[in-house]
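See below for input06.cif, which holds mmCIF, C-alpha atoms.
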data_entry
loop_
_atom_site.label_atom_id
_atom_site.label_comp_id
_atom_site.auth_asym_id
_atom_site.auth_seq_id
_atom_site.Cartn_x
_atom_site.Cartn_y
_atom_site.Cartn_z
CA LEU A 5 8.12 -18.32 -1.73
CA PHE A 6 4.56 -17.32 -2.75
CA PRO A 7 1.93 -15.94 -0.33
CA PRO A 8 -0.85 -18.34 0.66
CA PRO A 9 -3.91 -18.04 -1.61
CA SER A 10 -6.18 -16.73 1.17
CA VAL A 11 -4.04 -13.59 1.74
CA ASN A 12 -5.13 -10.52 -0.26
CA MET A 13 -2.42 -8.35 -1.74
CA GLY A 14 -2.04 -4.77 -0.45
CA ARG A 15 -3.80 -1.73 -1.86
CA ARG A 16 -2.08 0.66 -4.22
CA PRO A 17 -0.91 3.88 -2.55
CA ALA A 18 -3.15 6.94 -2.59
CA ARG A 19 -0.81 8.78 -4.97
CA CYS A 20 -2.02 6.46 -7.75
CA TYR A 21 -5.61 7.74 -7.42
CA ARG A 22 -5.12 11.26 -6.08
CA TYR A 23 -5.96 13.37 -9.14
CA CYS A 24 -9.40 13.76 -10.77
CA LYS A 25 -8.40 12.68 -14.26
CA ASN A 26 -11.50 11.22 -15.92
CA LYS A 27 -15.23 11.84 -15.86
CA PRO A 28 -17.13 10.79 -12.73
CA PHE A 29 -17.73 7.03 -12.94
CA ILE A 30 -20.43 5.84 -10.56
CA LYS A 31 -21.95 2.48 -9.75
CA SER A 32 -24.70 1.64 -12.25
CA ARG A 33 -26.24 -1.29 -14.05
CA TYR A 34 -23.27 -1.17 -16.45
CA CYS A 35 -20.65 -1.00 -13.71
CA ARG A 36 -21.34 -3.93 -11.41
CA GLY A 37 -19.25 -5.64 -8.76
CA VAL A 38 -18.22 -2.42 -7.03
CA PRO A 39 -16.92 -3.03 -3.47
CA GLU A 40 -18.86 -1.28 -0.72
CA SER A 41 -17.63 1.98 0.77
CA LYS A 42 -15.56 1.57 3.94
CA ILE A 43 -17.17 4.58 5.59
CA ARG A 44 -20.65 3.83 6.93
CA ILE A 45 -21.19 6.39 9.69
CA TYR A 46 -21.22 10.05 8.65
CA ASP A 47 -22.46 11.57 11.94
CA ASN A 48 -20.71 11.07 15.29
CA ALA A 49 -21.24 12.00 18.93
CA ALA A 50 -24.10 14.38 19.87
CA LYS A 51 -26.18 14.03 16.68
CA ARG A 52 -29.50 15.21 18.08
CA GLU A 53 -28.17 18.38 19.72
CA PRO A 54 -29.17 21.69 18.11
CA VAL A 55 -26.39 23.75 16.53
CA GLU A 56 -26.86 26.59 19.04
CA SER A 57 -25.75 24.37 21.95
CA PHE A 58 -22.13 24.28 20.71
CA PRO A 59 -20.05 27.45 21.23
CA TYR A 60 -17.46 26.82 18.50
CA VAL A 61 -17.39 25.57 14.87
CA CYS A 62 -14.37 24.06 13.12
CA HIS A 63 -14.18 22.88 9.48
CA LEU A 64 -11.62 20.78 7.63
CA VAL A 65 -11.37 22.30 4.14
CA SER A 66 -9.66 20.86 1.06
CA ASP A 67 -7.07 23.14 -0.57
CA GLU A 68 -6.81 21.22 -3.85
CA ARG A 69 -8.92 19.33 -6.36
CA GLU A 70 -8.40 15.67 -5.56
CA GLN A 71 -9.95 12.28 -4.85
CA LEU A 72 -10.22 10.96 -1.29
CA SER A 73 -10.76 7.23 -0.82
CA SER A 74 -13.46 5.86 1.44
CA GLU A 75 -10.71 4.25 3.53
CA ALA A 76 -9.06 7.65 4.08
CA LEU A 77 -12.39 9.25 5.03
CA GLU A 78 -13.08 6.44 7.52
CA ALA A 79 -9.59 6.77 9.02
CA ALA A 80 -10.05 10.55 9.38
CA ARG A 81 -13.45 10.07 11.03
CA VAL A 82 -12.10 7.51 13.52
CA ALA A 83 -9.06 9.66 14.40
CA ALA A 84 -11.09 12.85 14.84
CA ASN A 85 -13.75 11.09 16.89
CA LYS A 86 -11.14 9.45 19.13
CA THR A 87 -9.28 12.72 19.72
CA MET A 88 -12.42 14.72 20.45
CA THR A 89 -13.78 12.04 22.79
CA LYS A 90 -10.46 11.95 24.64
CA LEU A 91 -10.25 15.75 25.01
CA SER A 92 -13.92 16.26 25.87
CA SER A 93 -16.95 14.06 26.45
CA LYS A 94 -18.98 12.28 23.80
CA ASP A 95 -21.87 14.76 24.24
CA ALA A 96 -19.71 17.89 23.90
CA PHE A 97 -19.28 17.84 20.10
CA HIS A 98 -20.89 16.82 16.82
CA LEU A 99 -18.74 15.51 13.96
CA ARG A 100 -20.13 15.17 10.43
CA ILE A 101 -18.35 13.90 7.31
CA ARG A 102 -19.69 16.10 4.50
CA VAL A 103 -18.32 14.32 1.41
CA HIS A 104 -19.61 11.00 0.10
CA PRO A 105 -17.58 8.53 -1.99
CA PHE A 106 -19.46 7.71 -5.20
CA HIS A 107 -16.75 7.64 -7.90
CA VAL A 108 -15.51 4.12 -8.73
CA ASN A 109 -11.76 3.53 -9.14
CA ARG A 110 -10.62 0.84 -11.54
CA ILE A 111 -7.43 -1.23 -11.47
CA ASN A 112 -5.71 -3.05 -14.33
CA LYS A 113 -4.11 -5.87 -12.36
CA MET A 114 -0.63 -6.87 -13.40
CA LEU A 115 1.22 -10.04 -12.46
CA SER A 116 4.78 -9.73 -11.17
CA CYS A 117 5.94 -13.32 -10.92
CA ALA A 118 8.16 -15.53 -13.05
CA GLY A 119 6.55 -16.34 -16.38
CA ALA A 120 4.03 -13.51 -16.06
CA ASP A 121 4.87 -12.19 -19.53
CA ARG A 122 3.21 -15.26 -21.06
CA LEU A 123 0.04 -14.87 -18.94
CA GLN A 124 -0.85 -11.19 -19.08
CA THR A 125 -1.70 -8.86 -21.95
CA GLY A 126 -0.05 -5.61 -20.73
CA MET A 127 -1.97 -2.55 -21.88
CA ARG A 128 -4.08 -4.48 -24.38
CA HIS A 129 -7.68 -4.71 -23.03
CA ALA A 130 -6.60 -2.39 -20.20
CA TYR A 131 -10.10 -1.43 -18.96
CA GLY A 132 -9.76 -2.29 -15.26
CA LYS A 133 -11.99 -3.95 -12.71
CA PRO A 134 -13.64 -1.89 -9.93
CA GLN A 135 -11.30 -1.55 -6.96
CA GLY A 136 -12.94 0.90 -4.56
CA VAL A 137 -14.84 4.17 -4.26
CA VAL A 138 -13.56 7.72 -3.77
CA ALA A 139 -15.01 11.16 -3.13
CA ARG A 140 -14.14 13.82 -5.71
CA VAL A 141 -13.34 17.04 -3.84
CA LYS A 142 -13.09 20.63 -5.14
CA ILE A 143 -10.89 23.45 -3.84
CA GLY A 144 -12.44 25.03 -0.75
CA GLN A 145 -14.97 22.23 -0.19
CA VAL A 146 -15.70 21.40 3.46
CA LEU A 147 -14.74 17.82 4.28
CA MET A 148 -15.77 17.49 7.94
#

Transcribe the structure of this file into structure tokens.
Amino acid sequence: LFPPPSVNMGRRPARCYRYCKNKPFIKSRYCRGVPESKIRIYDNAAKREPVESFPYVCHLVSDEREQLSSEALEAARVAANKTMTKLSSKDAFHLRIRVHPFHVNRINKMLSCAGADRLQTGMRHAYGKPQGVVARVKIGQVLM
């Protein structure tokens, strides 16, 4: 009936954290226990090549003010790198992620099992625990 204790529950969907609502909240000595960013590599493929050696430039630009999770940035990097490597060689392009996730998202965990109403406090003491990091993006900002 209940999941085994070693299984982590799924993440909330991106629509819950899409909009830039509050002030930027970064990891500091006051905000501890922040999980690490999922994206580690920001440069792919031919990193050492000069810019003049590539004949074409292509940018991915944001068209709205939003927050992009580190998981989404990592997924975009992997997909773009895989597609470009498949269509050309690894030395024929340079891919750079140009936004960095620093803003910390918080989550006020709620229980959804029988008898949960006696265990949890609802919106009382609703300051959440750090859940992950996101990049805050402006309109027209280059993503990759």

Using the chain letters and numbers from the file, which residues does the PyMOL selection byres ((chain A and resi 37-40) around 6) grab, as a list in words?
->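 Evaluating the PyMOL selection byres ((chain A and resi 37-40) around 6) on these coordinates yields Arg36, Ser41, Pro134 and Gly136 of chain A.
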
Using the chain letters and residue numbers of this document, give as a VMD selection string the residues selected by the PyMOL selection byres ((chain A and resi 141) around 6).
-> chain A and resid 69 to 71 140 142

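Distances to Ala84 of chain A were evaluated for A:Met148, A:Met127, A:Cys117, A:Val61 using all atoms listed in the file, and the minimum falls at A:Met148.
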
Please evaluate the PyMOL selection byres ((chain A and resi 94) around 12) against the displayed coordinates and give the resulting residues as number ranges by chain.
-> A: 48-51, 53, 84-93, 95-99

Store the residues of this selection in a file with C-alpha atoms, as a PDB file, in the coordinates of the input.
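The resulting out.pdb:
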ATOM      1  CA  ASN A  48     -20.710  11.070  15.290  1.00  0.00           C
ATOM      2  CA  ALA A  49     -21.240  12.000  18.930  1.00  0.00           C
ATOM      3  CA  ALA A  50     -24.100  14.380  19.870  1.00  0.00           C
ATOM      4  CA  LYS A  51     -26.180  14.030  16.680  1.00  0.00           C
ATOM      5  CA  GLU A  53     -28.170  18.380  19.720  1.00  0.00           C
ATOM      6  CA  ALA A  84     -11.090  12.850  14.840  1.00  0.00           C
ATOM      7  CA  ASN A  85     -13.750  11.090  16.890  1.00  0.00           C
ATOM      8  CA  LYS A  86     -11.140   9.450  19.130  1.00  0.00           C
ATOM      9  CA  THR A  87      -9.280  12.720  19.720  1.00  0.00           C
ATOM     10  CA  MET A  88     -12.420  14.720  20.450  1.00  0.00           C
ATOM     11  CA  THR A  89     -13.780  12.040  22.790  1.00  0.00           C
ATOM     12  CA  LYS A  90     -10.460  11.950  24.640  1.00  0.00           C
ATOM     13  CA  LEU A  91     -10.250  15.750  25.010  1.00  0.00           C
ATOM     14  CA  SER A  92     -13.920  16.260  25.870  1.00  0.00           C
ATOM     15  CA  SER A  93     -16.950  14.060  26.450  1.00  0.00           C
ATOM     16  CA  ASP A  95     -21.870  14.760  24.240  1.00  0.00           C
ATOM     17  CA  ALA A  96     -19.710  17.890  23.900  1.00  0.00           C
ATOM     18  CA  PHE A  97     -19.280  17.840  20.100  1.00  0.00           C
ATOM     19  CA  HIS A  98     -20.890  16.820  16.820  1.00  0.00           C
ATOM     20  CA  LEU A  99     -18.740  15.510  13.960  1.00  0.00           C
TER      21      LEU A  99
END

Separating atom CA of Asn109 of chain A from atom CA of Arg15 of chain A, to the nearest tenth of an Å, is a gap of 12.0 Å

Close residues, segment 26-35 of chain A itself excluded, 6 Å, only C-alpha atoms, min 6 positions apart in chain, as number ranges by chain = A: 106-108

Which residue, A:Ile43, A:Ala18, A:Arg100, A:Asp67, has the smallest gap to Ala79 of chain A when you use only C-alpha atoms?
-> A:Ile43
